[in-house]
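**Q** Got run-v8.cif for you, mmCIF, C-alpha atoms and all ligand atoms:
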```cif
data_work
loop_
_atom_site.label_atom_id
_atom_site.label_comp_id
_atom_site.auth_asym_id
_atom_site.auth_seq_id
_atom_site.Cartn_x
_atom_site.Cartn_y
_atom_site.Cartn_z
CA MET A 1 179.78 -187.56 33.30
CA SER A 2 177.98 -184.26 33.88
CA GLU A 3 176.13 -183.61 37.15
CA GLN A 4 172.85 -184.08 35.30
CA ALA A 5 173.99 -187.42 33.91
CA GLN A 6 175.11 -188.53 37.38
CA ALA A 7 171.77 -187.46 38.85
CA ALA A 8 169.90 -189.35 36.11
CA SER A 9 171.84 -192.53 36.67
CA LYS A 10 171.35 -192.26 40.47
CA THR A 11 167.58 -191.92 40.15
CA GLY A 12 167.55 -194.89 37.79
CA GLU A 13 166.03 -192.75 35.03
CA ALA A 14 166.16 -194.44 31.60
CA PRO A 15 168.96 -193.15 29.36
CA LEU A 16 167.91 -190.44 26.94
CA ILE A 17 168.96 -192.70 24.07
CA GLU A 18 169.69 -196.39 24.37
CA ALA A 19 170.52 -198.71 21.48
CA ARG A 20 171.00 -202.46 21.83
CA GLY A 21 172.57 -204.74 19.27
CA LEU A 22 172.01 -202.43 16.30
CA VAL A 23 172.77 -203.91 12.89
CA ARG A 24 172.33 -202.24 9.52
CA GLU A 25 173.19 -204.04 6.33
CA PHE A 26 173.56 -202.58 2.84
CA GLY A 27 173.57 -205.59 0.53
CA GLY A 28 176.36 -207.76 1.91
CA LEU A 29 177.98 -204.92 3.89
CA ARG A 30 177.32 -204.55 7.61
CA ALA A 31 177.77 -200.78 7.99
CA VAL A 32 176.69 -201.06 11.64
CA ASP A 33 177.44 -204.43 13.12
CA GLY A 34 176.02 -205.05 16.60
CA VAL A 35 176.37 -201.66 18.28
CA SER A 36 175.04 -201.01 21.79
CA ILE A 37 175.34 -197.47 23.07
CA ALA A 38 173.64 -195.32 25.71
CA LEU A 39 173.51 -191.54 26.15
CA GLU A 40 172.62 -190.31 29.62
CA HIS A 41 170.73 -187.04 30.16
CA GLY A 42 173.10 -184.08 29.97
CA GLU A 43 176.13 -185.89 28.56
CA MET A 44 178.29 -184.69 25.67
CA VAL A 45 179.79 -187.77 24.04
CA GLY A 46 182.20 -187.93 21.10
CA LEU A 47 181.85 -190.56 18.34
CA ILE A 48 185.08 -191.07 16.43
CA GLY A 49 186.41 -193.55 13.90
CA PRO A 50 188.03 -193.63 10.47
CA ASN A 51 186.11 -192.88 7.26
CA GLY A 52 183.53 -195.54 6.55
CA ALA A 53 183.46 -196.73 10.19
CA GLY A 54 179.65 -196.53 10.27
CA LYS A 55 179.26 -193.34 12.33
CA THR A 56 176.76 -191.61 10.06
CA THR A 57 174.85 -194.85 9.56
CA LEU A 58 174.60 -195.19 13.36
CA PHE A 59 173.25 -191.60 13.49
CA ASN A 60 170.70 -192.41 10.80
CA LEU A 61 169.55 -195.38 12.88
CA LEU A 62 169.35 -193.33 16.10
CA ALA A 63 167.53 -190.45 14.39
CA GLY A 64 165.10 -192.71 12.52
CA SER A 65 166.06 -191.93 8.93
CA LEU A 66 167.17 -195.56 8.52
CA ARG A 67 165.55 -198.69 9.94
CA PRO A 68 167.84 -201.18 11.67
CA SER A 69 168.19 -204.64 10.10
CA SER A 70 168.04 -205.79 13.73
CA GLY A 71 168.41 -204.37 17.22
CA ARG A 72 166.34 -201.96 19.32
CA ILE A 73 166.41 -198.24 20.09
CA ARG A 74 164.75 -196.51 23.04
CA ILE A 75 164.32 -192.82 23.74
CA CYS A 76 163.69 -192.18 27.46
CA GLY A 77 162.62 -195.80 27.75
CA VAL A 78 160.15 -195.66 24.82
CA ASP A 79 160.86 -198.19 22.06
CA VAL A 80 161.21 -196.21 18.80
CA SER A 81 162.91 -198.90 16.72
CA THR A 82 160.36 -198.58 13.91
CA ALA A 83 159.45 -194.90 14.41
CA GLY A 84 160.45 -192.26 11.84
CA PRO A 85 162.49 -189.08 12.37
CA ASP A 86 159.46 -186.88 13.13
CA SER A 87 158.26 -188.94 16.06
CA ARG A 88 161.81 -189.20 17.39
CA LEU A 89 162.10 -185.43 17.19
CA ARG A 90 158.84 -185.15 19.13
CA LEU A 91 160.39 -187.39 21.78
CA GLY A 92 163.36 -185.03 21.91
CA VAL A 93 166.03 -186.33 19.55
CA GLY A 94 167.17 -184.06 16.72
CA ARG A 95 170.09 -184.37 14.35
CA THR A 96 172.16 -182.36 11.89
CA PHE A 97 173.52 -183.68 8.61
CA GLN A 98 177.14 -184.28 7.67
CA ILE A 99 176.52 -182.33 4.45
CA PRO A 100 173.98 -179.59 5.19
CA ARG A 101 171.56 -178.95 2.33
CA PRO A 102 169.66 -175.78 3.16
CA PHE A 103 166.81 -174.65 0.91
CA ALA A 104 169.08 -172.55 -1.31
CA ALA A 105 166.48 -170.08 -2.57
CA MET A 106 164.87 -169.51 0.85
CA THR A 107 166.31 -166.91 3.19
CA VAL A 108 168.45 -167.86 6.14
CA LEU A 109 165.59 -166.93 8.50
CA GLU A 110 163.07 -169.01 6.52
CA ASN A 111 165.44 -171.97 6.66
CA VAL A 112 165.57 -171.76 10.46
CA LEU A 113 161.76 -171.57 10.57
CA THR A 114 161.54 -174.90 8.71
CA GLY A 115 162.89 -176.48 11.90
CA ARG A 116 159.60 -175.86 13.70
CA GLN A 117 157.58 -178.84 14.78
CA ASN A 118 153.84 -179.29 14.11
CA GLN A 119 153.80 -177.13 11.05
CA THR A 120 150.95 -175.82 8.93
CA GLY A 121 149.08 -178.97 7.78
CA GLU A 122 147.19 -179.40 11.05
CA ARG A 123 147.00 -175.60 11.46
CA ILE A 124 145.03 -174.81 8.31
CA ALA A 125 141.68 -175.03 10.10
CA MET A 126 143.08 -172.87 12.92
CA ASN A 127 143.85 -170.12 10.40
CA PHE A 128 140.13 -169.72 9.84
CA LEU A 129 138.96 -170.39 13.37
CA GLN A 130 141.52 -168.36 15.34
CA PRO A 131 143.57 -166.21 12.95
CA GLY A 132 144.79 -163.94 15.79
CA ARG A 133 146.25 -166.88 17.66
CA VAL A 134 148.00 -168.17 14.54
CA ALA A 135 149.51 -164.72 13.87
CA ALA A 136 150.78 -164.51 17.47
CA GLU A 137 152.35 -167.98 17.17
CA GLU A 138 153.97 -166.93 13.92
CA ARG A 139 155.48 -163.85 15.57
CA ARG A 140 156.80 -165.97 18.44
CA ALA A 141 158.37 -168.40 15.98
CA VAL A 142 160.07 -165.59 14.07
CA ASP A 143 161.37 -164.09 17.34
CA LYS A 144 162.75 -167.46 18.35
CA ALA A 145 164.37 -168.03 14.94
CA ARG A 146 165.99 -164.58 15.20
CA ALA A 147 167.31 -165.34 18.68
CA LEU A 148 168.78 -168.60 17.37
CA LEU A 149 170.40 -166.79 14.42
CA ASP A 150 171.91 -164.39 16.94
CA PHE A 151 173.18 -167.39 18.96
CA VAL A 152 174.98 -168.78 15.89
CA THR A 153 176.10 -165.27 14.79
CA LEU A 154 174.19 -165.31 11.48
CA SER A 155 171.79 -162.45 12.27
CA ARG A 156 173.19 -160.07 9.70
CA LEU A 157 172.49 -162.67 6.98
CA GLU A 158 168.86 -163.40 7.94
CA ASN A 159 167.40 -162.01 4.72
CA GLU A 160 170.03 -163.45 2.40
CA PRO A 161 169.27 -166.58 0.39
CA ALA A 162 170.91 -169.60 2.04
CA ARG A 163 172.92 -170.27 -1.09
CA VAL A 164 175.31 -167.41 -0.20
CA LEU A 165 176.44 -169.16 3.00
CA SER A 166 179.89 -170.71 3.31
CA GLY A 167 180.26 -174.35 4.36
CA GLY A 168 180.90 -173.31 7.96
CA GLN A 169 177.92 -170.97 8.02
CA ARG A 170 175.72 -173.78 6.68
CA LYS A 171 176.80 -175.89 9.65
CA LEU A 172 175.73 -173.06 11.96
CA LEU A 173 172.42 -172.70 10.11
CA GLU A 174 171.80 -176.43 10.61
CA LEU A 175 172.38 -176.00 14.32
CA ALA A 176 169.91 -173.09 14.52
CA ARG A 177 167.34 -175.04 12.48
CA ILE A 178 167.44 -178.08 14.74
CA LEU A 179 167.30 -175.93 17.90
CA MET A 180 164.00 -174.51 16.62
CA ALA A 181 162.44 -177.84 17.65
CA ASP A 182 163.83 -177.66 21.22
CA PRO A 183 165.34 -181.17 21.17
CA GLN A 184 166.64 -182.60 24.44
CA ALA A 185 169.35 -184.44 22.55
CA ILE A 186 171.22 -183.33 19.45
CA LEU A 187 173.16 -185.66 17.19
CA LEU A 188 175.78 -183.57 15.38
CA ASP A 189 177.48 -185.08 12.34
CA GLU A 190 180.86 -183.35 11.95
CA PRO A 191 179.65 -179.86 12.89
CA ALA A 192 183.16 -178.42 12.46
CA ALA A 193 184.36 -180.23 9.34
CA GLY A 194 185.94 -177.80 6.90
CA VAL A 195 185.32 -174.69 9.00
CA ASN A 196 187.97 -172.02 9.54
CA PRO A 197 189.74 -171.78 12.94
CA ALA A 198 187.71 -168.77 14.14
CA LEU A 199 184.42 -170.47 13.31
CA LEU A 200 185.71 -173.66 14.96
CA GLU A 201 186.19 -171.78 18.25
CA LEU A 202 182.69 -170.32 17.92
CA ILE A 203 181.19 -173.77 17.36
CA ILE A 204 183.08 -175.19 20.35
CA ASP A 205 181.85 -172.32 22.51
CA ARG A 206 178.23 -172.72 21.40
CA LEU A 207 178.23 -176.49 21.93
CA ARG A 208 179.57 -175.90 25.43
CA MET A 209 176.78 -173.40 26.09
CA LEU A 210 174.13 -175.80 24.83
CA ASN A 211 175.47 -178.64 26.96
CA GLY A 212 175.73 -176.30 29.96
CA ASP A 213 172.10 -175.49 29.31
CA GLY A 214 171.20 -179.17 29.66
CA LYS A 215 171.26 -180.42 26.05
CA THR A 216 172.54 -183.93 25.60
CA ILE A 217 174.95 -184.08 22.67
CA LEU A 218 176.41 -186.89 20.57
CA LEU A 219 179.16 -185.47 18.43
CA ILE A 220 180.74 -187.15 15.40
CA GLU A 221 184.03 -185.42 14.85
CA HIS A 222 187.42 -186.18 13.32
CA ASN A 223 189.07 -183.28 15.15
CA MET A 224 190.37 -185.03 18.30
CA ASP A 225 191.44 -181.75 19.87
CA MET A 226 187.85 -180.54 19.69
CA VAL A 227 186.51 -183.85 21.00
CA GLY A 228 189.00 -183.78 23.89
CA ARG A 229 187.99 -180.27 24.84
CA LEU A 230 184.26 -180.92 24.76
CA CYS A 231 183.54 -184.52 25.60
CA GLY A 232 183.89 -186.35 28.90
CA ARG A 233 183.43 -189.66 27.13
CA VAL A 234 184.34 -190.88 23.67
CA VAL A 235 183.16 -193.93 21.74
CA ALA A 236 185.31 -195.21 18.88
CA MET A 237 184.00 -197.28 15.95
CA ALA A 238 185.62 -199.05 13.02
CA SER A 239 184.12 -201.41 10.45
CA GLY A 240 180.68 -201.04 12.02
CA ARG A 241 181.74 -202.13 15.50
CA LEU A 242 182.54 -200.38 18.77
CA LEU A 243 186.27 -200.55 19.45
CA ALA A 244 186.71 -198.60 22.65
CA GLU A 245 184.91 -196.26 25.02
CA GLY A 246 186.17 -193.97 27.78
CA ALA A 247 188.02 -190.72 28.42
CA PRO A 248 189.18 -189.04 25.18
CA ALA A 249 192.93 -189.42 25.79
CA ALA A 250 192.60 -193.09 26.74
CA VAL A 251 190.46 -193.89 23.68
CA ALA A 252 192.83 -192.02 21.34
CA ALA A 253 195.74 -194.07 22.74
CA ASN A 254 193.87 -197.40 22.62
CA PRO A 255 195.90 -199.80 20.41
CA ASP A 256 192.81 -201.03 18.52
CA VAL A 257 191.80 -197.45 17.76
CA VAL A 258 195.32 -196.53 16.65
CA ALA A 259 195.43 -199.63 14.43
CA ALA A 260 192.04 -198.77 12.87
CA TYR A 261 193.26 -195.30 11.90
CA LEU A 262 196.57 -196.72 10.62
CA GLY A 263 194.62 -199.27 8.58
CA GLU A 264 192.63 -196.43 7.04
CA ALA A 265 195.83 -194.54 6.21
CA ALA A 266 197.27 -197.66 4.56
N1 LIG A 301 172.97 -195.90 1.69
C1 LIG A 301 174.05 -196.70 1.62
N2 LIG A 301 174.12 -197.70 0.72
C2 LIG A 301 175.19 -198.52 0.65
N3 LIG A 301 176.28 -198.41 1.45
C3 LIG A 301 176.27 -197.43 2.36
C4 LIG A 301 175.17 -196.51 2.50
N4 LIG A 301 175.44 -195.65 3.50
C5 LIG A 301 176.66 -195.98 3.96
N5 LIG A 301 177.16 -197.05 3.28
C6 LIG A 301 178.46 -197.71 3.54
O1 LIG A 301 178.48 -198.03 4.93
C7 LIG A 301 179.79 -197.82 5.45
C8 LIG A 301 179.72 -196.84 6.60
O2 LIG A 301 179.41 -195.56 6.09
P1 LIG A 301 179.16 -194.28 7.02
O3 LIG A 301 178.77 -193.16 6.14
O4 LIG A 301 178.22 -194.65 8.10
O5 LIG A 301 180.62 -194.05 7.63
P2 LIG A 301 181.20 -192.85 8.48
O6 LIG A 301 181.84 -193.43 9.67
O7 LIG A 301 180.14 -191.83 8.71
O8 LIG A 301 182.34 -192.26 7.51
P3 LIG A 301 182.85 -190.73 7.31
O9 LIG A 301 183.79 -190.44 8.43
O10 LIG A 301 183.56 -190.81 5.98
O11 LIG A 301 181.67 -189.84 7.27
C9 LIG A 301 180.65 -197.35 4.29
O12 LIG A 301 181.32 -198.47 3.76
C10 LIG A 301 179.64 -196.79 3.31
O13 LIG A 301 180.11 -196.88 1.99
MG MG A 302 179.91 -189.86 8.18
#
```
Give the structure from the file, written as structure tokens.
**A**
Amino acid sequence: MSEQAQAASKTGEAPLIEARGLVREFGGLRAVDGVSIALEHGEMVGLIGPNGAGKTTLFNLLAGSLRPSSGRIRICGVDVSTAGPDSRLRLGVGRTFQIPRPFAAMTVLENVLTGRQNQTGERIAMNFLQPGRVAAEERRAVDKARALLDFVTLSRLENEPARVLSGGQRKLLELARILMADPQAILLDEPAAGVNPALLELIIDRLRMLNGDGKTILLIEHNMDMVGRLCGRVVAMASGRLLAEGAPAAVAANPDVVAAYLGEAA
């Protein structure tokens, strides 16, 4: 547990994210089957499990893009079980997608800018009433998007259409886009899947920096080496249920976890 997480648990502060008894059914299939999980402020936690374990479905429940069939979710103690993704983002929980789908015809910079919260709709009146203020806000947003592109090393591509990006670069663009909203917690769905080894090291480094900066991170990842290097705690799922939780090496060696991966291979 990070120092921040220890401090939070000492002061009795509510976990940043807390889910109790989450269930999500698709027809007869229980993709998530009674999962309880808590993320303390400042933690970086790994979520592992074989294909089809329910990891992405759990993310969709935590981020609000899917409603649970039953169970409750709290963000900093606030019950958000029926709230959508936008209100969860306002409360500080952002997520990236397993398969990033940037707006292909928009530039890389424009894609990052779509990550802003409280966009135009409510600002239209402001455009007429205080155009100078809107222009200043716009400049600040562009500066911030540029700084985030620099952070993910995509600056030189800012004016290119997003369709030219490789799979790995799309993952980095996703990260920059979600950081635009200043989330306290980021749910990352396989941020390093299919990326080359150099990009993998960059992603590991940047996640470490973000966590060092106080971001709470829940990381779905099949790369156990990466999980072991980044996460103090790992949660393993299979068939919609939690199998094991603890230090990465202990979870990877847990007989139930090993059996779940062997079952997948068979
Ligand atoms: N929208 C959906 N409709 C029907 N079934 C779904 C839906 N989404 C997921 N499932 C099923 O739920 C189960 C869990 O899927 P999920 O995508 O959460 O797994 P995962 O752990 O993220 O797998 P992977 O490692 O392959 O990404 C799978 O059997 C999947 O086919
Ligand atoms: Mg998945």
**Q** Could you list, as a list in words, all protein and nucleic acid residues with an atom at most 6 Å from ligand LIG 301 (chain A), counting only C-alpha atoms and all ligand atoms?
**A**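 I would give the residues around ligand LIG 301 (chain A) as Phe26, Ala31, Pro50, Asn51, Gly52, Ala53, Gly54, Lys55, Thr56 and Thr57 of chain A.
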**Q** Grab the residues selected above and save them as a short mmCIF file (atom, residue, chain, number, x, y, z; two decimals), keeping the file's coordinate frame with C-alpha atoms.
**A**
```cif
data_model
loop_
_atom_site.label_atom_id
_atom_site.label_comp_id
_atom_site.auth_asym_id
_atom_site.auth_seq_id
_atom_site.Cartn_x
_atom_site.Cartn_y
_atom_site.Cartn_z
CA PHE A 26 173.56 -202.58 2.84
CA ALA A 31 177.77 -200.78 7.99
CA PRO A 50 188.03 -193.63 10.47
CA ASN A 51 186.11 -192.88 7.26
CA GLY A 52 183.53 -195.54 6.55
CA ALA A 53 183.46 -196.73 10.19
CA GLY A 54 179.65 -196.53 10.27
CA LYS A 55 179.26 -193.34 12.33
CA THR A 56 176.76 -191.61 10.06
CA THR A 57 174.85 -194.85 9.56
#
```
**Q** Using only C-alpha atoms, which residue out of A:Leu243, A:Pro102, A:Ser70, A:Asn127 lies closest to A:Val258?
**A** A:Leu243
**Q** Excluding A:Ile186 and any residue of its chain fewer than 2 positions from it, enumerate the residues within 7 Å of it, using all atoms listed in the file, and give them as a tab-separated table (two decimals) with C-alpha atoms, in the coordinates of the input.
**A**
```
chain	number	residue	atom	x	y	z
A	93	VAL	CA	166.03	-186.33	19.55
A	94	GLY	CA	167.17	-184.06	16.72
A	95	ARG	CA	170.09	-184.37	14.35
A	183	PRO	CA	165.34	-181.17	21.17
A	184	GLN	CA	166.64	-182.60	24.44
A	188	LEU	CA	175.78	-183.57	15.38
A	216	THR	CA	172.54	-183.93	25.60
A	217	ILE	CA	174.95	-184.08	22.67
A	218	LEU	CA	176.41	-186.89	20.57
```
**Q** Would you compute the distance between atom CA of A:Val80 and atom CA of A:Gly214? Give it in Å to one decimal.
**A**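 Between atom CA of A:Val80 and atom CA of A:Gly214 the gap works out to 22.5 Å.
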**Q** Can you work out which one of A:Pro161, A:Gly27, A:Gly46, A:Pro15 has the shortest atom-to-atom distance to A:Glu245, counting only C-alpha atoms?
**A**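 Closest residue, counting only C-alpha atoms: A:Gly46.
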**Q** Between atom CA of A:Leu89 and atom CA of A:Ser166, what is the distance, to one decimal in Å?
**A**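 So the answer is 26.9 Å.
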**Q** Which of these residues is nearest to ligand MG 302 (chain A), using only C-alpha atoms and all ligand atoms: A:His222, A:Arg233, A:Arg241, A:Arg170?
**A**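 When distances to ligand MG 302 (chain A) are compared using only C-alpha atoms and all ligand atoms, the smallest one comes from A:His222.
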**Q** With only C-alpha atoms and all ligand atoms as the basis for distance, which of A:Gly132, A:Pro191, A:Pro85, A:Gly168 is at the shortest distance from ligand MG 302 (chain A)?
**A** A:Pro191
**Q** So what do you get for atom CA of A:Val32 versus atom CA of A:Gly71, distance-wise?
**A**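 Those two atoms sit 10.5 Å apart.
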**Q** Pick from A:Val134, A:Val152, A:Leu58, A:Leu129: nearest to ligand MG 302 (chain A), with only C-alpha atoms and all ligand atoms counted?
**A**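 For ligand MG 302 (chain A), the nearest of the candidates is A:Leu58.
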**Q** With all atoms listed in the file as the basis for distance, which of A:Ala104, A:Val227, A:Ala83, A:Ala238 is at the shortest distance from ligand MG 302 (chain A)?
**A** A:Ala238
**Q** Applying 12 Å and all atoms listed in the file, which residues near stretch 208-211 of chain A remain after dropping the ones on its own chain fewer than 5 positions away? List them as a ChimeraX atom specification.
**A** /A:1-5,41-45,148,151-152,175-176,179,182-186,201-203,216-219,226-227,229-232
**Q** Place a sphere of radius 10 Å on (168.5, -197.1, 9.7) in the file coordinates and name every protein, DNA or RNA residue with an atom inside or on its surface, counting all atoms listed in the file; give the answer as number ranges by chain.
**A** A: 22-25, 32, 56-70, 81-82, 84
**Q** Please identify all polymer residues within 6 Å of stretch 105-118 of chain A, counting all atoms listed in the file, omitting same-chain residues fewer than 5 positions from it, and present them as a PDB file with C-alpha atoms, keeping the file's coordinate frame.
**A**
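Resulting contents of selection34.pdb:
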```
ATOM      1  CA  ALA A 145     164.370-168.030  14.940  1.00  0.00           C
ATOM      2  CA  GLU A 158     168.860-163.400   7.940  1.00  0.00           C
ATOM      3  CA  ASN A 159     167.400-162.010   4.720  1.00  0.00           C
ATOM      4  CA  GLU A 160     170.030-163.450   2.400  1.00  0.00           C
ATOM      5  CA  PRO A 161     169.270-166.580   0.390  1.00  0.00           C
ATOM      6  CA  ALA A 162     170.910-169.600   2.040  1.00  0.00           C
ATOM      7  CA  ARG A 177     167.340-175.040  12.480  1.00  0.00           C
ATOM      8  CA  ILE A 178     167.440-178.080  14.740  1.00  0.00           C
ATOM      9  CA  MET A 180     164.000-174.510  16.620  1.00  0.00           C
ATOM     10  CA  ALA A 181     162.440-177.840  17.650  1.00  0.00           C
TER      11      ALA A 181
END
```
**Q** When you look at A:Ile48 with a cut-off of 8 Å (counting only C-alpha atoms), what residues show up, excluding the ones that are within fewer than 5 positions of it in the same chain? I need them as a list in words.
**A**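 So, after excluding close chain neighbours, the residues are Lys55, Ile220, Glu221, His222, Val234, Val235, Ala236 and Met237 of chain A.
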